[in-house]
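Here the structure is laid out as structure tokens; the discussion comes afterwards.
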Amino acid sequence: MSSLAATPSASTSPNYFQERFGVDHALVTRCLSAALSAGGDFAELYFESVTSSSIGIDEGIVKSASQGHSLGCGVRVLSGERTGYSYTDSLEEDRLVHAAKTAALIASGPAKQQVVPFVETQVHDLYPVIGLDAEIREKLALVQRADKAARAYDSRITQVRAGFNDELRHILIAASDGTWAADTQPLSRFSVFVIARGADGVTTRGSGGGGGRVKLDYYATERTPEHFAQAAARQAILQLDAVAAPAGEMEVVLGPGWPGVLIHEAVGHGLEADFNRKKQSAFAGLMGERVATDKVTVVDNGTIANRRGSLNVDDEGTPTRNNVLIEKGILRQYMSDKLSAKVLGLPSTGSGRRESYACVPMPRMTNTYMLAGEDDPADILRSVKRGLYAVNFSGGSVDITNGKFVFAASEAYLIEDGKVTAPVKGAMLIGDGATALKHVSMVGHDLALDEGIGTCGKRGQGVPVGVGMPTVKLDKMTVGGTGHGAGN
Amino acid sequence: MATTKRVKLALVQEIVERALRAGATDAEAVVVEGDEFSTKVRLGQVETLTESTSRAIGLRVFHGLRTASTSTNDLSEESLKRLVRGAVELARITEEDPFAGLPDVDAYSSVRDAQGLHIYFEDVYRLPAAERIEMARATEAAAMAVDVRIQNSDGGTFSAATSYKAMANSRGFAGEYRKSYCSIGVTAIAQDASGMQRDGWSSGARTLAKLESPEDVGREAAKRAVRRLGSRRVKTQKASVVFSREIARGIIGNIFDAVNGDAIYRHASMFEDKLGEQIASPLVTVVDDGTMMLEPGLGGFGTLPFDGDGLPMQRKVIVDKGVLQTYVTNTYTARKLGVKSTGNASRGLAGAPGIGAGNFYMEAGTQTPREILAEVQNGLYVTEVLGSGVNLVTGDYSQGAAGLWIENGEFTGAVEEITIAGNLKDMYRNIVAVGNDLIFRGASASPCFRVEGMTIAGA
């Protein structure tokens with residue numbers, strides 16, 4: 001899986017910052033030395049250049065288009081478990097050195113650490129490298145197609161908004177431990193939002209979208225504007241006839257793909273190493289213990305080609321990995337960045353990520369999913385007497401410390417006597433991370449990853465992630481609706 | 001700073017001129033600059049220290065009825081050329097929107113000078129670094145001193161920030177302001193045989209002089225974390241729900257989102273076609289005021305001289321004794337709805353302006369929180385909600401919740417891992433009591449209130 005990134009053109013060279021801004025080994029060494037001048041034991045420069053564009057259609061009119069560029073460098077200095085951080089939006093040497101000296105002040109004493117000679121990191125080659133500017137008219141045609149397809153789906157679709165966002169991110173990480181890693185990361189996302197109005201005046205909404213680290217032709221061949229538009233329209237039309245969600249504890253079946261947000265919230269965040277080294281996580285001290293039934297294996301895999309959550313190298317210059325977090329129900333591993341790895345005496349798992357050069361890196365997820373089991377999805381549904389079948393979610397969140405998590409269903413149905421029946425209005429599901437997966441009694445053979453729409457927020461920083469899972473049955477989960485409970 | 005300020009205002013005016021010369025029929029530019037300092041002290045040791053400055057420029061251009069925007073944080077000449085050329089080229093690709101355009105010239109006449117609003121205080125950076133760290137340390141120490149069950153924390157924090165914004169457009173508007181903010185806070189982690197719980201508290205202000213003391217902030221965080229220990233679940237049932245003011249302001253904030261002119265013209269709001277109608281209990285009066293002073297000489301957290309279109313901020317009553325009075329609009333959505341802008345444009349660096357609140361709040365009622373709780377036979381006092389289960393199109397509301405259970409007017413222990421659900425349209429009508437405890441800890445605020453008829457789902 002590991003190989004050096006290809007260099008198809010000058011603009012995508014791993015030497016981007018050297019060619020454009022003269023950032024070479026000598027300059028970086030001078031800056032890192034300034035960062036270590038007050039006695040820090042590790043220093044790091046994170047150079048980032050992001051070019052982004054967006055185009056949107058709204059009420060059948062391409063009302064907006066925008067382009068943006070941001071450039072900067074963040075300087076981090078570690079002294080024990082202490083972090084000093086400063087950033088600059090100019091790559092002039094005097095500004096870099098000023099930021100380095102500011103970050104240096106986390107330590108106090110004479111310089112003691114030298115900069116180790118740089119060794120270029122071998123990074124993965126998981127995505128193509130593409131420019132943004134040339135295809136603006138193609139992108140315009142894509143959003144126009146989505147608008148048309150959503151309106152054509154059903155005459156009750158009254159409003160359509162579709163947008164295409166993409167960015168190209170160049171990064172260079174250089175650190176006093178000899179790290180020198182560069183990457184060029186494309187990312188794009190299609191989104192469709194619709195409103196439907198029924199004959200009785202009932203109004204509903206639906207959304208669809210997806211993307212990844214892909215070329216524009218992905219949207220012409222694999223996931224078309226029509227695909228996303230119809231998904232959004234179908235959801236809104238279905239909701240026109242939805243009944244109130246039930247309330248109370250019941251059997252819950254989660255469909256494949258995006259419902260994997262359960263894994264992300266219930267166990268993913270709780271297994272990030274920073275929360276555990278600070279003993280703030282409900283999972284702290286549970287390493288090697290059973291946290292799920294033996295049908296449950298969960299991985300965080302940053303190495304899948306073209307996925308939204310994938311990275312050739314993390315934001316600390318460590319190549320990403322396929323990390324097994326839970327193996328047949330037993331907790332095996334935390335996700336770690338360099339700092340937590342050092343404190344815990346473990347290797348980094350390639351999980352150090354940050355939103356931008358203005359942010360301190362921390363342990364984050366990439367693509368987090370439950371592996372496939374052996375059950376037939378149809379058998380899983382047939383096994384439920386009365387419960388909820390949730391196939392799509394708008395998102396979730398978790399309190400790391402007590403382990404309580406929620407996730408909100410945007411498309412769900414009642415299950416009655418083994419059959420999927422009426423659609424229900426958005427229901428909230430709530431559970432406890434350390435016990436929820438102990439109720440997993442059936443796992444389908446239909447593992448799917450989501451379409452590429454997730455952005456995970458932690459301590460104010462958003463990063464793109466993926467989730468996934470097969471069809472899964474939980475014997476007991478609390479559903480927060482307004483209707484009658486399953487037992488009534 | 002005074003000299004660089006004028007330079008920045010001249011820069012945005014120059015960018016507007018350049019866009020016009022490049023073929024734009026109208027243009028608007030904005031420069032944003034900021035400084036930030038923040039530190040976190042955990043278990044008595046400095047954990048992070050961040051200090052930085054940033055700046056960026058954004059441009060919005062019109063080509064007739066077509067529009068586009070660009071932004072950059074690279075203020076080099078080459079980059080500014082790209083900014084202007086890129087915007088003008090993009091505006092030829094987008095389509096004509098009959099409602100697009102800058103505000104009319106006469107709309108700017110009453111914009112106030114930022115000086116009189118008192119939203120900038122130099123003192124937020126007055127403290128030397130060691131004293132800033134001491135503020136964070138003292139806040140955490142105060143939390144950890146309250147109870148032996150608090151042996152861990154997510155750290156005490158101190159932060160300070162100032163920002164500057166200059167904006168100009170081709171219709172003759174030019175304005176600028178600075179604002180300041182500082183805060184202290186702490187997240188305490190309490191633990192006993194029942195498990196771990198976290199909760200936090202913070203105080204923010206425009207000036208150091210108005211920050212609450214580290215002792216008070218720490219004590220409140222500790223009290224909130226400890227009272228969650230031993231949380232239990234309750235049976236699924238219908239019961240009274242009292243929203244603490246921290247949570248109440250989010251429920252009231254949903255009114256702002258639902259009267260947002262953008263949602264109204266898209267037919268995506270439960271309050272479309274409801275002007276003049278009773279949408280809430282007569283106890284409910286909701287105001288958005290972008291001009292508010294917290295006291296003489298101190299502007300509100302959401303007080304600014306002009307909005308993202310350059311129009312003066314205003315005060316308006318949105319719901320008067322339960323009756324919906326107005327939608328909130330920016331220039332674009334006002335044109336779509338055939339009304340005058342309410343001065344609620346919010347502008348980022350790039351893209352079309354959105355809609356944002358000034359100081360948004362529900363007016364205080366007459367009962368003390370204790371009186372409101374005393375009237376509850378069986379119900380939930382909500383101190384935390386979790387999740388994103390609010391649908392402003394239908395009003396459907398379902399959120400994870402935690403809080404204190406109430407029986408016969410008294411708290412009987414903490415509850416968690418439950419959900420509260422209802423429909424916002426019913427919830428606003430079923431507000432049966434409103435507290436007298438309105439206080440501004442940020443740009444939005446609400447007193448506590450009691451709602452009848454919600455479903456609590458649990459064990």
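By convention here, the chains of the structure tokens are called A, B, ... in the order presented, each chain's residues are numbered starting at 1, and ligands are numbered starting at 1 in the order presented.
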For this session: Looking only at strand (DSSP E or B) from DSSP on the backbone, list the matching residues of stretch 46-291 of chain A as a PyMOL selection string.
Result: chain A and resi 46-58+61-79+82-88+119-120+124+157-175+179-197+203-212+243+248-254+272+290
For this session: Write out as an NGL selection string every residue belonging to chain A that has an atom at most 7 Å from any atom of chain B, counting only C-alpha atoms.
Result: :A and (61-71 or 81-89 or 106 or 159 or 195 or 203-204 or 247-249 or 395-397 or 401-402 or 404 or 406-408 or 427-428 or 430-431 or 478-482)
For this session: Please identify all polymer residues within 10 Å of B:Val217, counting only C-alpha atoms, omitting same-chain residues fewer than 2 positions from it, and present them as a PyMOL selection string.
Result: chain B and resi 138-140+142-143+156+184-186+200-203+211-215+219-222
Output file for the residues above (N, CA and C atoms, as a PDB file, in the first residue's frame):
ATOM      1  N   ALA B 138      -6.141  29.551  38.413  1.00  0.00           N
ATOM      2  CA  ALA B 138      -7.003  29.824  39.556  1.00  0.00           C
ATOM      3  C   ALA B 138      -8.426  29.316  39.305  1.00  0.00           C
ATOM      4  N   THR B 139      -8.885  29.392  38.061  1.00  0.00           N
ATOM      5  CA  THR B 139     -10.233  28.926  37.748  1.00  0.00           C
ATOM      6  C   THR B 139     -10.323  27.418  37.944  1.00  0.00           C
ATOM      7  N   GLU B 140      -9.285  26.703  37.442  1.00  0.00           N
ATOM      8  CA  GLU B 140      -9.291  25.255  37.635  1.00  0.00           C
ATOM      9  C   GLU B 140      -9.151  24.896  39.115  1.00  0.00           C
ATOM     10  N   ALA B 142     -10.039  26.509  41.697  1.00  0.00           N
ATOM     11  CA  ALA B 142     -11.285  26.763  42.440  1.00  0.00           C
ATOM     12  C   ALA B 142     -12.265  25.611  42.248  1.00  0.00           C
ATOM     13  N   ALA B 143     -12.318  25.059  41.031  1.00  0.00           N
ATOM     14  CA  ALA B 143     -13.224  23.934  40.769  1.00  0.00           C
ATOM     15  C   ALA B 143     -12.776  22.705  41.547  1.00  0.00           C
ATOM     16  N   GLY B 156      -8.519  24.514  33.111  1.00  0.00           N
ATOM     17  CA  GLY B 156      -9.007  25.881  33.205  1.00  0.00           C
ATOM     18  C   GLY B 156      -8.439  26.670  32.043  1.00  0.00           C
ATOM     19  N   ILE B 184     -12.810  33.311  30.833  1.00  0.00           N
ATOM     20  CA  ILE B 184     -12.206  32.256  31.633  1.00  0.00           C
ATOM     21  C   ILE B 184     -13.219  31.128  31.739  1.00  0.00           C
ATOM     22  N   GLY B 185     -12.748  29.922  31.954  1.00  0.00           N
ATOM     23  CA  GLY B 185     -13.679  28.807  32.077  1.00  0.00           C
ATOM     24  C   GLY B 185     -12.966  27.574  32.577  1.00  0.00           C
ATOM     25  N   VAL B 186     -13.742  26.573  32.939  1.00  0.00           N
ATOM     26  CA  VAL B 186     -13.160  25.298  33.360  1.00  0.00           C
ATOM     27  C   VAL B 186     -14.180  24.184  33.148  1.00  0.00           C
ATOM     28  N   GLY B 200     -19.121  22.048  32.889  1.00  0.00           N
ATOM     29  CA  GLY B 200     -18.245  23.206  32.907  1.00  0.00           C
ATOM     30  C   GLY B 200     -18.999  24.499  33.108  1.00  0.00           C
ATOM     31  N   TRP B 201     -18.222  25.560  33.264  1.00  0.00           N
ATOM     32  CA  TRP B 201     -18.812  26.891  33.382  1.00  0.00           C
ATOM     33  C   TRP B 201     -17.781  27.883  32.874  1.00  0.00           C
ATOM     34  N   SER B 202     -18.248  29.019  32.416  1.00  0.00           N
ATOM     35  CA  SER B 202     -17.317  30.023  31.910  1.00  0.00           C
ATOM     36  C   SER B 202     -17.922  31.405  32.068  1.00  0.00           C
ATOM     37  N   SER B 203     -17.081  32.387  31.938  1.00  0.00           N
ATOM     38  CA  SER B 203     -17.534  33.775  31.949  1.00  0.00           C
ATOM     39  C   SER B 203     -16.810  34.492  30.833  1.00  0.00           C
ATOM     40  N   LEU B 211     -15.216  40.473  33.764  1.00  0.00           N
ATOM     41  CA  LEU B 211     -15.144  39.019  33.947  1.00  0.00           C
ATOM     42  C   LEU B 211     -15.537  38.661  35.371  1.00  0.00           C
ATOM     43  N   GLU B 212     -16.261  37.555  35.510  1.00  0.00           N
ATOM     44  CA  GLU B 212     -16.529  37.054  36.851  1.00  0.00           C
ATOM     45  C   GLU B 212     -15.222  36.500  37.431  1.00  0.00           C
ATOM     46  N   SER B 213     -15.188  36.299  38.728  1.00  0.00           N
ATOM     47  CA  SER B 213     -13.929  35.873  39.343  1.00  0.00           C
ATOM     48  C   SER B 213     -13.664  34.402  39.051  1.00  0.00           C
ATOM     49  N   PRO B 214     -12.382  34.003  38.972  1.00  0.00           N
ATOM     50  CA  PRO B 214     -12.047  32.586  38.789  1.00  0.00           C
ATOM     51  C   PRO B 214     -12.708  31.721  39.871  1.00  0.00           C
ATOM     52  N   GLU B 215     -12.796  32.236  41.076  1.00  0.00           N
ATOM     53  CA  GLU B 215     -13.397  31.466  42.172  1.00  0.00           C
ATOM     54  C   GLU B 215     -14.858  31.155  41.880  1.00  0.00           C
ATOM     55  N   ARG B 219     -16.225  27.378  41.071  1.00  0.00           N
ATOM     56  CA  ARG B 219     -17.204  26.793  41.993  1.00  0.00           C
ATOM     57  C   ARG B 219     -18.455  26.320  41.250  1.00  0.00           C
ATOM     58  N   GLU B 220     -18.939  27.130  40.313  1.00  0.00           N
ATOM     59  CA  GLU B 220     -20.149  26.771  39.570  1.00  0.00           C
ATOM     60  C   GLU B 220     -19.904  25.527  38.714  1.00  0.00           C
ATOM     61  N   ALA B 221     -18.721  25.450  38.058  1.00  0.00           N
ATOM     62  CA  ALA B 221     -18.405  24.271  37.233  1.00  0.00           C
ATOM     63  C   ALA B 221     -18.406  23.012  38.096  1.00  0.00           C
ATOM     64  N   ALA B 222     -17.792  23.103  39.279  1.00  0.00           N
ATOM     65  CA  ALA B 222     -17.702  21.943  40.170  1.00  0.00           C
ATOM     66  C   ALA B 222     -19.092  21.509  40.630  1.00  0.00           C
TER      67      ALA B 222
END
Exercise. For A:Val424, which of A:Ser281, A:Leu105, A:Leu187, A:Ala244 is the closest residue, counting only C-alpha atoms?
Worked result: A:Ala244
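The coordinates place atom CA of A:Leu286 at 26.8 Å from atom CA of B:Glu384.
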Problem set entry | Backbone DSSP call of alpha helix (DSSP H) for stretch 196-409 of chain B, listed as a ChimeraX atom specification | /B:214-226,245-258,261-265,331-337,369-374
For this session: Give me the residues within 9 Å of stretch 227-232 of chain A as a list of chain:residue names, counting only C-alpha atoms and dropping any in the same chain fewer than 3 places off.
Result: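 Here the answer would be A:Arg145, A:Ala146, A:Asp147, A:Lys148, A:Ala149, A:Ala150, A:Arg151, A:Ala152, A:Tyr153, A:Val160, A:Ala162, A:Phe190, A:Ser191, A:Val192, A:Phe193, A:Val194, A:Arg205, A:Gly206, A:Ser207, A:Gly208, A:Gly209, A:Gly210, A:Arg223, A:Thr224, A:Gln235, A:Ala236, A:Ile237.
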Write the residues of the preceding selection, restricted to N, CA and C atoms, as an mmCIF file, in the first residue's frame.
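Result written to selection.cif:
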data_model
loop_
_atom_site.group_PDB
_atom_site.id
_atom_site.type_symbol
_atom_site.label_atom_id
_atom_site.label_comp_id
_atom_site.auth_asym_id
_atom_site.auth_seq_id
_atom_site.Cartn_x
_atom_site.Cartn_y
_atom_site.Cartn_z
ATOM 1 N N ARG A 145 -27.808 19.669 -13.446
ATOM 2 C CA ARG A 145 -28.414 18.341 -13.615
ATOM 3 C C ARG A 145 -29.114 17.885 -12.337
ATOM 4 N N ALA A 146 -28.490 18.190 -11.192
ATOM 5 C CA ALA A 146 -29.099 17.791 -9.917
ATOM 6 C C ALA A 146 -30.429 18.498 -9.712
ATOM 7 N N ASP A 147 -30.460 19.782 -10.030
ATOM 8 C CA ASP A 147 -31.691 20.559 -9.880
ATOM 9 C C ASP A 147 -32.818 19.943 -10.713
ATOM 10 N N LYS A 148 -32.490 19.616 -11.935
ATOM 11 C CA LYS A 148 -33.462 19.055 -12.871
ATOM 12 C C LYS A 148 -33.968 17.690 -12.385
ATOM 13 N N ALA A 149 -33.033 16.861 -11.945
ATOM 14 C CA ALA A 149 -33.395 15.498 -11.536
ATOM 15 C C ALA A 149 -34.282 15.498 -10.303
ATOM 16 N N ALA A 150 -33.993 16.395 -9.357
ATOM 17 C CA ALA A 150 -34.806 16.434 -8.142
ATOM 18 C C ALA A 150 -36.222 16.884 -8.463
ATOM 19 N N ARG A 151 -36.347 17.881 -9.350
ATOM 20 C CA ARG A 151 -37.681 18.373 -9.716
ATOM 21 C C ARG A 151 -38.459 17.324 -10.506
ATOM 22 N N ALA A 152 -37.726 16.565 -11.304
ATOM 23 C CA ALA A 152 -38.387 15.552 -12.141
ATOM 24 C C ALA A 152 -38.847 14.349 -11.309
ATOM 25 N N TYR A 153 -38.275 14.183 -10.138
ATOM 26 C CA TYR A 153 -38.578 12.992 -9.328
ATOM 27 C C TYR A 153 -40.034 12.960 -8.917
ATOM 28 N N VAL A 160 -35.318 23.204 -4.533
ATOM 29 C CA VAL A 160 -34.103 22.404 -4.696
ATOM 30 C C VAL A 160 -32.892 23.320 -4.572
ATOM 31 N N ALA A 162 -28.665 22.757 -4.797
ATOM 32 C CA ALA A 162 -27.579 21.797 -4.989
ATOM 33 C C ALA A 162 -26.271 22.560 -5.046
ATOM 34 N N PHE A 190 -20.527 16.778 -3.247
ATOM 35 C CA PHE A 190 -21.762 17.202 -3.891
ATOM 36 C C PHE A 190 -22.845 17.204 -2.838
ATOM 37 N N SER A 191 -23.709 18.202 -2.813
ATOM 38 C CA SER A 191 -24.801 18.170 -1.845
ATOM 39 C C SER A 191 -26.100 18.652 -2.472
ATOM 40 N N VAL A 192 -27.191 18.011 -2.065
ATOM 41 C CA VAL A 192 -28.515 18.362 -2.574
ATOM 42 C C VAL A 192 -29.464 18.469 -1.390
ATOM 43 N N PHE A 193 -30.254 19.526 -1.367
ATOM 44 C CA PHE A 193 -31.219 19.730 -0.293
ATOM 45 C C PHE A 193 -32.557 20.076 -0.941
ATOM 46 N N VAL A 194 -33.617 19.379 -0.562
ATOM 47 C CA VAL A 194 -34.915 19.642 -1.189
ATOM 48 C C VAL A 194 -36.015 19.827 -0.143
ATOM 49 N N ARG A 205 -38.458 17.831 4.381
ATOM 50 C CA ARG A 205 -37.162 18.117 3.771
ATOM 51 C C ARG A 205 -36.426 16.805 3.496
ATOM 52 N N GLY A 206 -35.493 16.871 2.592
ATOM 53 C CA GLY A 206 -34.667 15.702 2.309
ATOM 54 C C GLY A 206 -33.293 16.165 1.868
ATOM 55 N N SER A 207 -32.290 15.348 2.134
ATOM 56 C CA SER A 207 -30.961 15.745 1.691
ATOM 57 C C SER A 207 -30.178 14.537 1.207
ATOM 58 N N GLY A 208 -29.245 14.800 0.328
ATOM 59 C CA GLY A 208 -28.387 13.746 -0.187
ATOM 60 C C GLY A 208 -27.061 14.358 -0.583
ATOM 61 N N GLY A 209 -26.085 13.525 -0.742
ATOM 62 C CA GLY A 209 -24.792 14.060 -1.155
ATOM 63 C C GLY A 209 -23.702 13.050 -0.957
ATOM 64 N N GLY A 210 -22.521 13.415 -1.433
ATOM 65 C CA GLY A 210 -21.386 12.529 -1.276
ATOM 66 C C GLY A 210 -20.214 13.021 -2.089
ATOM 67 N N ARG A 223 -21.031 8.280 -9.158
ATOM 68 C CA ARG A 223 -22.097 8.874 -8.360
ATOM 69 C C ARG A 223 -22.548 10.136 -9.077
ATOM 70 N N THR A 224 -23.626 10.019 -9.814
ATOM 71 C CA THR A 224 -24.051 11.122 -10.664
ATOM 72 C C THR A 224 -24.894 12.133 -9.884
ATOM 73 N N GLN A 235 -36.243 10.893 -0.023
ATOM 74 C CA GLN A 235 -36.350 11.055 1.423
ATOM 75 C C GLN A 235 -37.461 12.048 1.789
ATOM 76 N N ALA A 236 -37.519 13.165 1.085
ATOM 77 C CA ALA A 236 -38.536 14.182 1.397
ATOM 78 C C ALA A 236 -39.947 13.670 1.091
ATOM 79 N N ILE A 237 -40.102 12.973 -0.032
ATOM 80 C CA ILE A 237 -41.426 12.465 -0.408
ATOM 81 C C ILE A 237 -41.902 11.409 0.591
#
Problem set entry | Long-range neighbours of stretch 448-464 of chain A as a list of chain:residue names, 8 Å cut-off, only C-alpha atoms, 6 positions minimum in chain |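 Counting only the stated atoms, we get A:Arg189, A:Gly209, A:Gly210, A:Gly211, A:Gly212, A:Pro256, A:Gly257, A:Trp258, A:Gly260, A:Arg307, A:Arg308, A:Gly309, A:Arg353, A:Arg354, A:Glu355, A:Cys359, A:Thr366, A:Tyr369, A:Pro470.
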Problem set entry | Non-local contacts of A:Arg290 (10 Å; only C-alpha atoms; under 6 positions in same chain excluded) as an NGL selection string | :A and (326-332 or 434-435 or 437-438)
Take the selection from the previous step and output its residues with C-alpha atoms, as a compact mmCIF listing (two decimals), in the first residue's frame.
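That gives us again_20.txt:
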# COMPACT_ATOMS: atom_id res chain seq x y z
CA ILE A 326 -12.22 -3.62 18.72
CA GLU A 327 -11.55 -7.24 17.75
CA LYS A 328 -14.42 -9.70 18.25
CA GLY A 329 -15.73 -7.52 21.07
CA ILE A 330 -12.42 -6.97 22.86
CA LEU A 331 -10.93 -3.46 23.08
CA ARG A 332 -7.53 -3.60 21.35
CA ALA A 434 -19.54 1.08 26.87
CA THR A 435 -22.74 -1.03 26.78
CA LEU A 437 -22.42 -2.74 21.41
CA LYS A 438 -23.04 -5.47 23.98
For this session: List the neighbours of stretch 39-52 of chain A out to 7 Å using only C-alpha atoms; skip same-chain residues closer than 5 positions along the sequence, and give me the result as an MDAnalysis selection string.
Result: chainID A and resid 32 67:79 104 107:113 166:176 357
Print the selection's residues with C-alpha atoms to a file, as a short mmCIF file (atom, residue, chain, number, x, y, z; two decimals), in the first residue's frame.
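Everything below was put into selection21.cif:
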data_model
loop_
_atom_site.label_atom_id
_atom_site.label_comp_id
_atom_site.auth_asym_id
_atom_site.auth_seq_id
_atom_site.Cartn_x
_atom_site.Cartn_y
_atom_site.Cartn_z
CA LEU A 32 12.90 24.84 14.19
CA GLN A 67 -13.15 30.80 -4.81
CA GLY A 68 -10.85 31.12 -1.86
CA HIS A 69 -7.23 30.71 -0.98
CA SER A 70 -5.60 30.39 2.39
CA LEU A 71 -1.94 30.01 3.20
CA GLY A 72 -0.11 29.72 6.47
CA CYS A 73 2.21 27.93 8.80
CA GLY A 74 1.61 26.67 12.33
CA VAL A 75 4.52 26.20 14.73
CA ARG A 76 4.19 23.73 17.59
CA VAL A 77 6.63 23.23 20.44
CA LEU A 78 6.29 20.45 22.99
CA SER A 79 7.90 20.55 26.41
CA ALA A 104 9.02 28.40 22.06
CA ALA A 107 9.43 25.96 27.67
CA SER A 108 11.81 27.99 29.82
CA GLY A 109 15.50 27.24 29.86
CA PRO A 110 18.49 26.90 27.58
CA ALA A 111 18.11 25.09 24.24
CA LYS A 112 18.76 21.38 24.74
CA GLN A 113 17.30 19.65 21.68
CA ASP A 166 -13.98 21.22 -3.77
CA GLU A 167 -10.56 22.00 -2.46
CA LEU A 168 -6.93 21.18 -3.08
CA ARG A 169 -4.72 21.17 -0.01
CA HIS A 170 -0.93 21.14 -0.07
CA ILE A 171 0.78 20.35 3.20
CA LEU A 172 4.37 20.02 4.37
CA ILE A 173 5.23 18.82 7.87
CA ALA A 174 8.79 19.23 9.10
CA ALA A 175 9.79 18.46 12.66
CA SER A 176 12.85 18.39 14.87
CA TYR A 357 -2.50 25.50 10.12
#
